[in-house]
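Beneath this line is the structure, given in structure tokens, with notes to follow.
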Amino acid sequence: MQGSSEIIEYHPEKRIHAIKIDAVEVRLIRLPLIEPFETSFGKIDSRLIFLVSLEADGLTGWGEVVAEEEPLYSYETVQTALHVIRDFLGPALLTQSIESVYDLAKRLAPFRGHNMAKAGLELAFMDLLAKVEGQSLSELIGGERKRVDVGVSLGIQPVISRLLERVEKYLKLGYQRIKLKIKPGWDLDVVDEVRRKYPQILLSVDANAAYTFGDVDHLKMLDDFNLLMIEQPLQYDDLMDHARLQELMKTRLCLDESIVNHRHARLALELDSCRIINVKIGRVGGYSEALGIHNLCVGRNVPVWCGGMLESGIGRAHNIALASLKGFTLPGDISASSRYFERDVIYPEVTVAPDGTVAVPDGVGLGFEVDLDFIKHLTETRVYIA
Ligand code: OSB
Ligand code: MG
């Protein structure tokens, strides 16, 4: 046994290691994007990547907080997450040993909201736990797939011809599903052109909440394009209007922003607000909730897929592990490192095979080496809580 300070009886047939966290470390690093990424709420050309690590008995577990710099996709930002981790969440992990990810979630639950900040800590804890247990992350959570199916999310482009080039490029690389970002003024014509050129591909759209129920007649025209799904057409916190819209459309709606935890997932399915769920570990507050949403959806035969937040390799490694669960039956937004960055923070970098799959690593923990020298070299802000 490596790296744990005590053993406790947790479950009759399973001994788990209680982990005494020695320190929480945060590092902010900026990674330029290979090309700008534009959605209905704005355009970015670099990612301020928020890495968090937990230390226990000489082992280090790595996680990533997916919050962005501006509160557009979510109210959380890099700075709110830094504040909340430094002043509340980090110190709460140092008080007593942690027995499981559910124990950790319980410890953080009194602090409301801030799911992305909480998720970063859960991710780091799970990597640490996997290392203590000598398992891969996928094994630790009961993943069943050795390879996961992946697609690509293509941002809004200055002109349609550039989008068509991107679609062609990623199809050639093997990506199994193309997702187009849409907004009013960049929707029907664009989808029509792509669909006309590629009648057979798995094609979906993501509005990032750019419409309201008042646009129902316009949105209904998307039914003509045999889309795999329409992701988050309406407001970020809505479930009711999505249910009204779903009733009027034949294309399946998928919710992203509106599902912030397992309870909201239940409510959305009860209301028929969506027929597919995009699971992002960050948005829902970590593995504990993500696993719960996955199990709920498996029980109801609702497909789920793993969303992305332009993560570095560390967040992406967690996404790959999550997507190895059996309910993740649709291609995830898990692209190769080279789709985002010149150089990633892990090695080997994530690659997509010509059949549009990514291998689920079987090494211990993340299954990738963290490039600490590169991370240290890029660190703009470091916070150490011990
Ligand atoms: O809505 O899924 C989204 C990126 C940042 C914020 C929100 C979203 C996205 C993506 C990119 O679509 C997915 C990825 O490739 O990581
Ligand atoms: Mg989305």
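Labels used: A, B, ... for chains in the order of the structure tokens, numbers from 1 for residues in each chain, and numbers from 1 for ligands as shown.
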
Using only C-alpha atoms and all ligand atoms, which residues have at least one atom no more than 7 Å from ligand 1? Output them as a list of chain:residue names.
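The neighbouring residues of ligand 1 are, in order, A:Tyr73, A:Val152, A:Ser153, A:Asp206, A:Asn208, A:Asp256, A:Gly307, A:Gly308, A:Met309, A:Leu310, A:Glu311, A:Asp333, A:Ile334, A:Ser335.
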
Tell me which protein, DNA and RNA residues are within 7 Å of stretch 57-71 of chain A, counting only C-alpha atoms, leaving out same-chain ones fewer than 4 positions away, and put them as a PyMOL selection string.
chain A and resi 3-4+50-53+75-78+116-117+119-121+123-125+127-128+282+309+311+314-315

Taking only stretch 63-188 of chain A into account, list the residues labelled strand (DSSP E or B) by DSSP (computed from the backbone), as a PDB file with all heavy atoms, in the first residue's frame.
ATOM      1  N   GLY A  63      -6.410  17.982 -10.897  1.00  0.00           N
ATOM      2  CA  GLY A  63      -7.728  18.311 -11.436  1.00  0.00           C
ATOM      3  C   GLY A  63      -7.672  19.643 -12.155  1.00  0.00           C
ATOM      4  O   GLY A  63      -6.633  20.313 -12.171  1.00  0.00           O
ATOM      5  N   GLU A  64      -8.793  20.017 -12.760  1.00  0.00           N
ATOM      6  CA  GLU A  64      -8.862  21.289 -13.488  1.00  0.00           C
ATOM      7  C   GLU A  64     -10.201  21.949 -13.204  1.00  0.00           C
ATOM      8  O   GLU A  64     -11.233  21.276 -13.187  1.00  0.00           O
ATOM      9  CB  GLU A  64      -8.697  21.011 -14.996  1.00  0.00           C
ATOM     10  CG  GLU A  64      -8.755  22.260 -15.866  1.00  0.00           C
ATOM     11  CD  GLU A  64      -8.288  21.995 -17.307  1.00  0.00           C
ATOM     12  OE1 GLU A  64      -7.604  20.970 -17.562  1.00  0.00           O
ATOM     13  OE2 GLU A  64      -8.631  22.815 -18.175  1.00  0.00           O
ATOM     14  N   VAL A  65     -10.158  23.244 -12.966  1.00  0.00           N
ATOM     15  CA  VAL A  65     -11.396  24.025 -12.807  1.00  0.00           C
ATOM     16  C   VAL A  65     -11.699  24.629 -14.175  1.00  0.00           C
ATOM     17  O   VAL A  65     -10.869  25.351 -14.727  1.00  0.00           O
ATOM     18  CB  VAL A  65     -11.209  25.137 -11.750  1.00  0.00           C
ATOM     19  CG1 VAL A  65     -12.419  26.057 -11.700  1.00  0.00           C
ATOM     20  CG2 VAL A  65     -10.928  24.521 -10.377  1.00  0.00           C
ATOM     21  N   GLU A  68     -14.280  29.959 -16.955  1.00  0.00           N
ATOM     22  CA  GLU A  68     -13.627  30.833 -17.925  1.00  0.00           C
ATOM     23  C   GLU A  68     -13.342  32.192 -17.282  1.00  0.00           C
ATOM     24  O   GLU A  68     -13.679  32.416 -16.125  1.00  0.00           O
ATOM     25  CB  GLU A  68     -14.511  30.958 -19.172  1.00  0.00           C
ATOM     26  CG  GLU A  68     -14.688  29.581 -19.845  1.00  0.00           C
ATOM     27  CD  GLU A  68     -15.565  29.603 -21.079  1.00  0.00           C
ATOM     28  OE1 GLU A  68     -16.703  30.102 -20.988  1.00  0.00           O
ATOM     29  OE2 GLU A  68     -15.124  29.125 -22.126  1.00  0.00           O
ATOM     30  N   THR A  77     -16.145  32.353 -12.559  1.00  0.00           N
ATOM     31  CA  THR A  77     -14.994  32.797 -13.341  1.00  0.00           C
ATOM     32  C   THR A  77     -13.744  32.212 -12.689  1.00  0.00           C
ATOM     33  O   THR A  77     -13.796  31.686 -11.575  1.00  0.00           O
ATOM     34  CB  THR A  77     -14.850  34.341 -13.353  1.00  0.00           C
ATOM     35  OG1 THR A  77     -14.518  34.774 -12.027  1.00  0.00           O
ATOM     36  CG2 THR A  77     -16.126  35.039 -13.810  1.00  0.00           C
ATOM     37  N   ILE A  98     -10.343  12.224   4.287  1.00  0.00           N
ATOM     38  CA  ILE A  98     -11.509  12.087   3.407  1.00  0.00           C
ATOM     39  C   ILE A  98     -11.632  10.628   2.992  1.00  0.00           C
ATOM     40  O   ILE A  98     -10.671  10.015   2.539  1.00  0.00           O
ATOM     41  CB  ILE A  98     -11.343  12.990   2.168  1.00  0.00           C
ATOM     42  CG1 ILE A  98     -11.210  14.449   2.629  1.00  0.00           C
ATOM     43  CG2 ILE A  98     -12.525  12.835   1.222  1.00  0.00           C
ATOM     44  CD1 ILE A  98     -10.820  15.390   1.518  1.00  0.00           C
ATOM     45  N   SER A 136      -6.622   2.840 -12.633  1.00  0.00           N
ATOM     46  CA  SER A 136      -6.852   3.969 -13.537  1.00  0.00           C
ATOM     47  C   SER A 136      -8.144   4.654 -13.084  1.00  0.00           C
ATOM     48  O   SER A 136      -8.968   4.035 -12.397  1.00  0.00           O
ATOM     49  CB  SER A 136      -7.000   3.483 -14.974  1.00  0.00           C
ATOM     50  OG  SER A 136      -8.222   2.770 -15.121  1.00  0.00           O
ATOM     51  N   ARG A 147     -12.172   2.338 -25.517  1.00  0.00           N
ATOM     52  CA  ARG A 147     -12.018   3.504 -26.390  1.00  0.00           C
ATOM     53  C   ARG A 147     -13.333   4.280 -26.343  1.00  0.00           C
ATOM     54  O   ARG A 147     -14.398   3.671 -26.220  1.00  0.00           O
ATOM     55  CB  ARG A 147     -11.737   3.092 -27.850  1.00  0.00           C
ATOM     56  CG  ARG A 147     -10.557   2.120 -28.014  1.00  0.00           C
ATOM     57  CD  ARG A 147     -10.118   2.036 -29.476  1.00  0.00           C
ATOM     58  NE  ARG A 147      -9.570   3.297 -29.938  1.00  0.00           N
ATOM     59  CZ  ARG A 147      -8.285   3.639 -29.824  1.00  0.00           C
ATOM     60  NH1 ARG A 147      -7.418   2.824 -29.296  1.00  0.00           N
ATOM     61  NH2 ARG A 147      -7.867   4.813 -30.256  1.00  0.00           N
ATOM     62  N   VAL A 148     -13.258   5.598 -26.452  1.00  0.00           N
ATOM     63  CA  VAL A 148     -14.490   6.393 -26.449  1.00  0.00           C
ATOM     64  C   VAL A 148     -14.664   7.101 -27.792  1.00  0.00           C
ATOM     65  O   VAL A 148     -13.690   7.490 -28.435  1.00  0.00           O
ATOM     66  CB  VAL A 148     -14.516   7.420 -25.285  1.00  0.00           C
ATOM     67  CG1 VAL A 148     -14.446   6.701 -23.935  1.00  0.00           C
ATOM     68  CG2 VAL A 148     -13.394   8.445 -25.385  1.00  0.00           C
ATOM     69  N   ASP A 149     -15.913   7.226 -28.208  1.00  0.00           N
ATOM     70  CA  ASP A 149     -16.239   7.881 -29.480  1.00  0.00           C
ATOM     71  C   ASP A 149     -16.204   9.391 -29.295  1.00  0.00           C
ATOM     72  O   ASP A 149     -16.731   9.899 -28.306  1.00  0.00           O
ATOM     73  CB  ASP A 149     -17.653   7.485 -29.922  1.00  0.00           C
ATOM     74  CG  ASP A 149     -17.764   5.995 -30.226  1.00  0.00           C
ATOM     75  OD1 ASP A 149     -16.726   5.376 -30.538  1.00  0.00           O
ATOM     76  OD2 ASP A 149     -18.883   5.453 -30.137  1.00  0.00           O
ATOM     77  N   VAL A 150     -15.634  10.081 -30.256  1.00  0.00           N
ATOM     78  CA  VAL A 150     -15.534  11.529 -30.096  1.00  0.00           C
ATOM     79  C   VAL A 150     -15.997  12.312 -31.328  1.00  0.00           C
ATOM     80  O   VAL A 150     -15.980  11.824 -32.458  1.00  0.00           O
ATOM     81  CB  VAL A 150     -14.099  11.975 -29.719  1.00  0.00           C
ATOM     82  CG1 VAL A 150     -13.639  11.262 -28.445  1.00  0.00           C
ATOM     83  CG2 VAL A 150     -13.112  11.752 -30.842  1.00  0.00           C
ATOM     84  N   VAL A 152     -16.433  16.790 -32.658  1.00  0.00           N
ATOM     85  CA  VAL A 152     -15.770  18.085 -32.504  1.00  0.00           C
ATOM     86  C   VAL A 152     -16.824  19.190 -32.485  1.00  0.00           C
ATOM     87  O   VAL A 152     -17.858  19.088 -33.144  1.00  0.00           O
ATOM     88  CB  VAL A 152     -14.708  18.308 -33.612  1.00  0.00           C
ATOM     89  CG1 VAL A 152     -15.362  18.446 -34.980  1.00  0.00           C
ATOM     90  CG2 VAL A 152     -13.815  19.510 -33.318  1.00  0.00           C
ATOM     91  N   SER A 153     -16.543  20.218 -31.704  1.00  0.00           N
ATOM     92  CA  SER A 153     -17.425  21.369 -31.593  1.00  0.00           C
ATOM     93  C   SER A 153     -16.794  22.513 -32.376  1.00  0.00           C
ATOM     94  O   SER A 153     -15.685  22.942 -32.052  1.00  0.00           O
ATOM     95  CB  SER A 153     -17.557  21.728 -30.097  1.00  0.00           C
ATOM     96  OG  SER A 153     -18.205  22.970 -29.947  1.00  0.00           O
ATOM     97  N   LEU A 154     -17.481  22.975 -33.415  1.00  0.00           N
ATOM     98  CA  LEU A 154     -16.903  23.999 -34.288  1.00  0.00           C
ATOM     99  C   LEU A 154     -17.542  25.358 -34.033  1.00  0.00           C
ATOM    100  O   LEU A 154     -18.763  25.526 -34.140  1.00  0.00           O
ATOM    101  CB  LEU A 154     -17.061  23.595 -35.757  1.00  0.00           C
ATOM    102  CG  LEU A 154     -16.333  22.294 -36.151  1.00  0.00           C
ATOM    103  CD1 LEU A 154     -16.587  21.974 -37.624  1.00  0.00           C
ATOM    104  CD2 LEU A 154     -14.822  22.403 -35.891  1.00  0.00           C
ATOM    105  N   ARG A 177     -18.741  13.007 -35.077  1.00  0.00           N
ATOM    106  CA  ARG A 177     -19.904  13.896 -35.014  1.00  0.00           C
ATOM    107  C   ARG A 177     -19.420  15.330 -35.078  1.00  0.00           C
ATOM    108  O   ARG A 177     -18.419  15.677 -34.473  1.00  0.00           O
ATOM    109  CB  ARG A 177     -20.683  13.634 -33.715  1.00  0.00           C
ATOM    110  CG  ARG A 177     -21.924  14.455 -33.498  1.00  0.00           C
ATOM    111  CD  ARG A 177     -21.634  15.738 -32.726  1.00  0.00           C
ATOM    112  NE  ARG A 177     -21.276  15.497 -31.353  1.00  0.00           N
ATOM    113  CZ  ARG A 177     -20.318  16.158 -30.701  1.00  0.00           C
ATOM    114  NH1 ARG A 177     -19.593  17.085 -31.298  1.00  0.00           N
ATOM    115  NH2 ARG A 177     -20.060  15.881 -29.439  1.00  0.00           N
ATOM    116  N   ILE A 178     -20.133  16.122 -35.881  1.00  0.00           N
ATOM    117  CA  ILE A 178     -19.802  17.541 -35.995  1.00  0.00           C
ATOM    118  C   ILE A 178     -20.880  18.326 -35.259  1.00  0.00           C
ATOM    119  O   ILE A 178     -22.080  18.131 -35.499  1.00  0.00           O
ATOM    120  CB  ILE A 178     -19.769  17.985 -37.481  1.00  0.00           C
ATOM    121  CG1 ILE A 178     -18.727  17.185 -38.291  1.00  0.00           C
ATOM    122  CG2 ILE A 178     -19.555  19.491 -37.594  1.00  0.00           C
ATOM    123  CD1 ILE A 178     -17.279  17.521 -38.019  1.00  0.00           C
ATOM    124  N   LYS A 179     -20.443  19.187 -34.364  1.00  0.00           N
ATOM    125  CA  LYS A 179     -21.384  20.080 -33.673  1.00  0.00           C
ATOM    126  C   LYS A 179     -21.092  21.509 -34.102  1.00  0.00           C
ATOM    127  O   LYS A 179     -19.937  21.946 -34.049  1.00  0.00           O
ATOM    128  CB  LYS A 179     -21.206  19.901 -32.164  1.00  0.00           C
ATOM    129  CG  LYS A 179     -21.770  21.001 -31.286  1.00  0.00           C
ATOM    130  CD  LYS A 179     -21.719  20.584 -29.820  1.00  0.00           C
ATOM    131  CE  LYS A 179     -21.271  21.717 -28.930  1.00  0.00           C
ATOM    132  NZ  LYS A 179     -21.133  21.309 -27.510  1.00  0.00           N
ATOM    133  N   LEU A 180     -22.124  22.193 -34.560  1.00  0.00           N
ATOM    134  CA  LEU A 180     -21.965  23.570 -35.016  1.00  0.00           C
ATOM    135  C   LEU A 180     -22.515  24.507 -33.959  1.00  0.00           C
ATOM    136  O   LEU A 180     -23.651  24.341 -33.495  1.00  0.00           O
ATOM    137  CB  LEU A 180     -22.750  23.801 -36.317  1.00  0.00           C
ATOM    138  CG  LEU A 180     -22.498  22.820 -37.467  1.00  0.00           C
ATOM    139  CD1 LEU A 180     -23.444  23.153 -38.644  1.00  0.00           C
ATOM    140  CD2 LEU A 180     -21.032  22.887 -37.930  1.00  0.00           C
ATOM    141  N   LYS A 181     -21.741  25.502 -33.605  1.00  0.00           N
ATOM    142  CA  LYS A 181     -22.259  26.549 -32.730  1.00  0.00           C
ATOM    143  C   LYS A 181     -23.175  27.426 -33.568  1.00  0.00           C
ATOM    144  O   LYS A 181     -22.815  27.791 -34.706  1.00  0.00           O
ATOM    145  CB  LYS A 181     -21.098  27.382 -32.178  1.00  0.00           C
ATOM    146  CG  LYS A 181     -20.223  26.621 -31.202  1.00  0.00           C
ATOM    147  CD  LYS A 181     -20.981  26.325 -29.915  1.00  0.00           C
ATOM    148  CE  LYS A 181     -20.065  25.808 -28.834  1.00  0.00           C
ATOM    149  NZ  LYS A 181     -20.798  25.541 -27.572  1.00  0.00           N
ATOM    150  N   LYS A 183     -26.241  30.813 -33.566  1.00  0.00           N
ATOM    151  CA  LYS A 183     -26.862  31.957 -32.894  1.00  0.00           C
ATOM    152  C   LYS A 183     -27.778  32.604 -33.933  1.00  0.00           C
ATOM    153  O   LYS A 183     -27.666  32.284 -35.136  1.00  0.00           O
ATOM    154  CB  LYS A 183     -25.804  32.952 -32.409  1.00  0.00           C
ATOM    155  CG  LYS A 183     -25.014  33.613 -33.525  1.00  0.00           C
ATOM    156  CD  LYS A 183     -24.083  34.694 -32.984  1.00  0.00           C
ATOM    157  CE  LYS A 183     -23.341  35.381 -34.129  1.00  0.00           C
ATOM    158  NZ  LYS A 183     -22.396  36.391 -33.664  1.00  0.00           N
ATOM    159  N   TRP A 186     -26.734  33.105 -37.610  1.00  0.00           N
ATOM    160  CA  TRP A 186     -25.758  32.056 -38.000  1.00  0.00           C
ATOM    161  C   TRP A 186     -26.398  30.716 -37.625  1.00  0.00           C
ATOM    162  O   TRP A 186     -26.034  30.077 -36.650  1.00  0.00           O
ATOM    163  CB  TRP A 186     -24.419  32.256 -37.274  1.00  0.00           C
ATOM    164  CG  TRP A 186     -23.326  31.265 -37.633  1.00  0.00           C
ATOM    165  CD1 TRP A 186     -23.029  30.111 -36.976  1.00  0.00           C
ATOM    166  CD2 TRP A 186     -22.381  31.345 -38.712  1.00  0.00           C
ATOM    167  NE1 TRP A 186     -21.974  29.465 -37.588  1.00  0.00           N
ATOM    168  CE2 TRP A 186     -21.553  30.200 -38.652  1.00  0.00           C
ATOM    169  CE3 TRP A 186     -22.158  32.275 -39.755  1.00  0.00           C
ATOM    170  CZ2 TRP A 186     -20.516  29.960 -39.558  1.00  0.00           C
ATOM    171  CZ3 TRP A 186     -21.126  32.030 -40.652  1.00  0.00           C
ATOM    172  CH2 TRP A 186     -20.318  30.891 -40.554  1.00  0.00           C
TER     173      TRP A 186
END

Who sits within 9 Å of A:Gly142, only C-alpha atoms, same chain under 6 positions skipped, as a ChimeraX atom specification
/A:324-326

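The set of residues in stretch 254-305 of chain A assigned to alpha helix (DSSP H) by DSSP, using only backbone atoms of this structure, is His262, Arg263, His264, Ala265, Arg266, Leu267, Ala268, Leu269, Glu270, Leu271, Ile281, Gly282, Arg283, Val284, Tyr287, Ser288, Glu289, Ala290, Leu291, Gly292, Ile293, His294, Asn295, Leu296, Cys297, Val298 and Gly299 of chain A.
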
Could you write those residues out with C-alpha atoms, as a tab-separated table (two decimals), in the first residue's frame?
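Writing the result to result-v8.tsv gives the following:
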chain	number	residue	atom	x	y	z
A	262	HIS	CA	-28.60	15.46	-10.38
A	263	ARG	CA	-31.84	17.01	-9.11
A	264	HIS	CA	-32.09	19.28	-12.13
A	265	ALA	CA	-31.45	16.30	-14.37
A	266	ARG	CA	-34.36	14.47	-12.74
A	267	LEU	CA	-36.59	17.47	-13.10
A	268	ALA	CA	-35.64	17.94	-16.75
A	269	LEU	CA	-36.43	14.31	-17.54
A	270	GLU	CA	-39.71	14.44	-15.62
A	271	LEU	CA	-40.73	17.56	-17.53
A	281	ILE	CA	-18.13	17.21	-14.68
A	282	GLY	CA	-17.32	20.86	-14.00
A	283	ARG	CA	-20.80	22.22	-14.54
A	284	VAL	CA	-22.42	19.65	-12.23
A	287	TYR	CA	-17.76	13.10	-10.22
A	288	SER	CA	-20.31	12.50	-7.47
A	289	GLU	CA	-23.05	14.35	-9.37
A	290	ALA	CA	-21.86	13.29	-12.82
A	291	LEU	CA	-22.03	9.62	-11.85
A	292	GLY	CA	-25.49	10.17	-10.40
A	293	ILE	CA	-26.74	11.80	-13.60
A	294	HIS	CA	-25.20	9.00	-15.65
A	295	ASN	CA	-26.94	6.33	-13.55
A	296	LEU	CA	-30.24	8.18	-13.69
A	297	CYS	CA	-30.07	8.40	-17.48
A	298	VAL	CA	-29.02	4.75	-17.91
A	299	GLY	CA	-32.04	3.75	-15.82

Out of A:Ile276, A:Ala353, A:Met221, A:Val205, which residue has the shortest atom-to-atom distance to ligand 2 when counting only C-alpha atoms and all ligand atoms?
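Closest to ligand 2, using only C-alpha atoms and all ligand atoms: A:Val205.
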
Extract, using only C-alpha atoms, all DNA, RNA and protein residues at most 7 Å from stretch 24-27 of chain A, discarding same-chain residues fewer than 2 positions from it, and format them as JSON, numbers by chain.
{"A": [29, 50, 51, 52, 53, 54, 55, 90, 379, 381, 382, 383, 384, 385, 386]}

Compile the contact shell of A:Leu255 as a list in words: residues with an atom at most 6 Å away, counting only C-alpha atoms, same-chain residues fewer than 2 positions apart removed.
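The filter keeps Glu231, Gln232, Ser258 and Ile277 of chain A.
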
Atoms kept (N, CA and C atoms) for selection, written as a short mmCIF file (atom, residue, chain, number, x, y, z; two decimals), in the first residue's frame:
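The result, stored in selection_13.cif:
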data_model
loop_
_atom_site.label_atom_id
_atom_site.label_comp_id
_atom_site.auth_asym_id
_atom_site.auth_seq_id
_atom_site.Cartn_x
_atom_site.Cartn_y
_atom_site.Cartn_z
N GLU A 231 -28.67 21.50 -28.93
CA GLU A 231 -28.18 21.68 -27.56
C GLU A 231 -28.52 23.08 -27.05
N GLN A 232 -29.11 23.12 -25.89
CA GLN A 232 -29.39 24.35 -25.13
C GLN A 232 -29.85 25.52 -26.00
N SER A 258 -28.48 24.18 -18.48
CA SER A 258 -29.61 24.07 -17.54
C SER A 258 -29.48 22.95 -16.52
N ILE A 277 -28.75 14.28 -22.49
CA ILE A 277 -28.06 15.18 -21.56
C ILE A 277 -26.56 15.22 -21.86
#

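One distance worth recording is that between atom CA of A:Ala207 and atom CA of A:Leu163, which is 16.0 Å.
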
Extract, using only C-alpha atoms, all DNA, RNA and protein residues at most 10 Å from A:Leu202, discarding same-chain residues fewer than 5 positions from it, and format them as a PyMOL selection string.
chain A and resi 151+175-179+195+226-229+330-331

Write out the residues from the selection above, keeping N, CA and C atoms, as a PDB file, in the first residue's frame.
ATOM      1  N   GLY A 151     -16.412  13.547 -31.032  1.00  0.00           N
ATOM      2  CA  GLY A 151     -16.817  14.481 -32.072  1.00  0.00           C
ATOM      3  C   GLY A 151     -16.086  15.793 -31.852  1.00  0.00           C
ATOM      4  N   TYR A 175     -13.285  12.331 -36.885  1.00  0.00           N
ATOM      5  CA  TYR A 175     -14.284  12.715 -35.865  1.00  0.00           C
ATOM      6  C   TYR A 175     -15.668  12.223 -36.281  1.00  0.00           C
ATOM      7  N   GLN A 176     -16.375  11.633 -35.314  1.00  0.00           N
ATOM      8  CA  GLN A 176     -17.623  10.933 -35.638  1.00  0.00           C
ATOM      9  C   GLN A 176     -18.856  11.815 -35.650  1.00  0.00           C
ATOM     10  N   ARG A 177     -18.741  13.007 -35.077  1.00  0.00           N
ATOM     11  CA  ARG A 177     -19.904  13.896 -35.014  1.00  0.00           C
ATOM     12  C   ARG A 177     -19.420  15.330 -35.078  1.00  0.00           C
ATOM     13  N   ILE A 178     -20.133  16.122 -35.881  1.00  0.00           N
ATOM     14  CA  ILE A 178     -19.802  17.541 -35.995  1.00  0.00           C
ATOM     15  C   ILE A 178     -20.880  18.326 -35.259  1.00  0.00           C
ATOM     16  N   LYS A 179     -20.443  19.187 -34.364  1.00  0.00           N
ATOM     17  CA  LYS A 179     -21.384  20.080 -33.673  1.00  0.00           C
ATOM     18  C   LYS A 179     -21.092  21.509 -34.102  1.00  0.00           C
ATOM     19  N   ARG A 195     -25.379  20.429 -44.104  1.00  0.00           N
ATOM     20  CA  ARG A 195     -26.169  19.208 -44.289  1.00  0.00           C
ATOM     21  C   ARG A 195     -26.227  18.802 -45.756  1.00  0.00           C
ATOM     22  N   ASN A 226     -32.446  16.747 -40.018  1.00  0.00           N
ATOM     23  CA  ASN A 226     -32.078  15.451 -39.441  1.00  0.00           C
ATOM     24  C   ASN A 226     -30.900  15.574 -38.467  1.00  0.00           C
ATOM     25  N   LEU A 227     -31.042  16.503 -37.543  1.00  0.00           N
ATOM     26  CA  LEU A 227     -29.974  16.730 -36.563  1.00  0.00           C
ATOM     27  C   LEU A 227     -30.036  15.674 -35.460  1.00  0.00           C
ATOM     28  N   LEU A 228     -28.852  15.336 -34.971  1.00  0.00           N
ATOM     29  CA  LEU A 228     -28.759  14.393 -33.855  1.00  0.00           C
ATOM     30  C   LEU A 228     -29.406  15.015 -32.616  1.00  0.00           C
ATOM     31  N   MET A 229     -29.225  16.322 -32.458  1.00  0.00           N
ATOM     32  CA  MET A 229     -29.822  17.032 -31.320  1.00  0.00           C
ATOM     33  C   MET A 229     -29.647  18.530 -31.506  1.00  0.00           C
ATOM     34  N   LEU A 330     -23.168   8.463 -26.961  1.00  0.00           N
ATOM     35  CA  LEU A 330     -23.010   9.398 -28.082  1.00  0.00           C
ATOM     36  C   LEU A 330     -21.608  10.008 -28.027  1.00  0.00           C
ATOM     37  N   PRO A 331     -21.039  10.365 -29.193  1.00  0.00           N
ATOM     38  CA  PRO A 331     -19.678  10.912 -29.211  1.00  0.00           C
ATOM     39  C   PRO A 331     -19.560  12.176 -28.344  1.00  0.00           C
TER      40      PRO A 331
END

With only C-alpha atoms and all ligand atoms as the basis for distance, which of A:Gln157, A:Thr251, A:Thr212, A:Asn278 is at the shortest distance from ligand 2?
A:Asn278

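Distance check against ligand 2 using only C-alpha atoms and all ligand atoms: of A:Tyr198, A:Tyr236, A:Phe213, A:Tyr340, the minimum falls on A:Tyr236.
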
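Residues surrounding A:Lys43 within 10 Å are Pro36, Phe37, Glu38, Thr39, Gly155 and Ile156 of chain A [only C-alpha atoms; sequence separation below 4 positions excluded].
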
Would you output that residue set with N, CA, C and O atoms, as a compact mmCIF listing (two decimals), in the first residue's frame?
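Generated file (selection_38.txt):
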# COMPACT_ATOMS: atom_id res chain seq x y z
N PRO A 36 -9.13 30.93 -32.77
CA PRO A 36 -10.13 31.48 -31.85
C PRO A 36 -11.37 30.60 -31.80
O PRO A 36 -11.68 29.90 -32.78
N PHE A 37 -12.06 30.60 -30.66
CA PHE A 37 -13.29 29.82 -30.50
C PHE A 37 -14.42 30.79 -30.24
O PHE A 37 -14.40 31.53 -29.25
N GLU A 38 -15.41 30.81 -31.14
CA GLU A 38 -16.51 31.76 -31.01
C GLU A 38 -17.84 31.04 -30.81
O GLU A 38 -18.18 30.11 -31.53
N THR A 39 -18.58 31.51 -29.79
CA THR A 39 -19.91 30.96 -29.51
C THR A 39 -20.89 32.12 -29.53
O THR A 39 -20.49 33.27 -29.75
N GLY A 155 -16.71 26.32 -33.70
CA GLY A 155 -17.17 27.66 -33.38
C GLY A 155 -17.74 28.39 -34.59
O GLY A 155 -17.58 27.97 -35.73
N ILE A 156 -18.39 29.51 -34.28
CA ILE A 156 -18.92 30.39 -35.32
C ILE A 156 -17.73 30.97 -36.09
O ILE A 156 -16.72 31.34 -35.50

Given only C-alpha atoms and all ligand atoms as the basis, pick out the residue of A:Asp362, A:Glu349, A:Glu257, A:Asp45 nearest to ligand 2.
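Among the listed residues, the smallest separation from ligand 2 belongs to A:Glu257.
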
Pick from A:Gly143, A:Pro233, A:Gly327, A:Pro361 nearest to ligand 2, counting only C-alpha atoms and all ligand atoms
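Answer, going by the shortest atom-to-atom distance: A:Pro233.
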
Can you measure atom CA of A:Ala323 to atom CA of A:Trp305 for me? One decimal in Å is fine.
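A separation of 7.0 Å between them.
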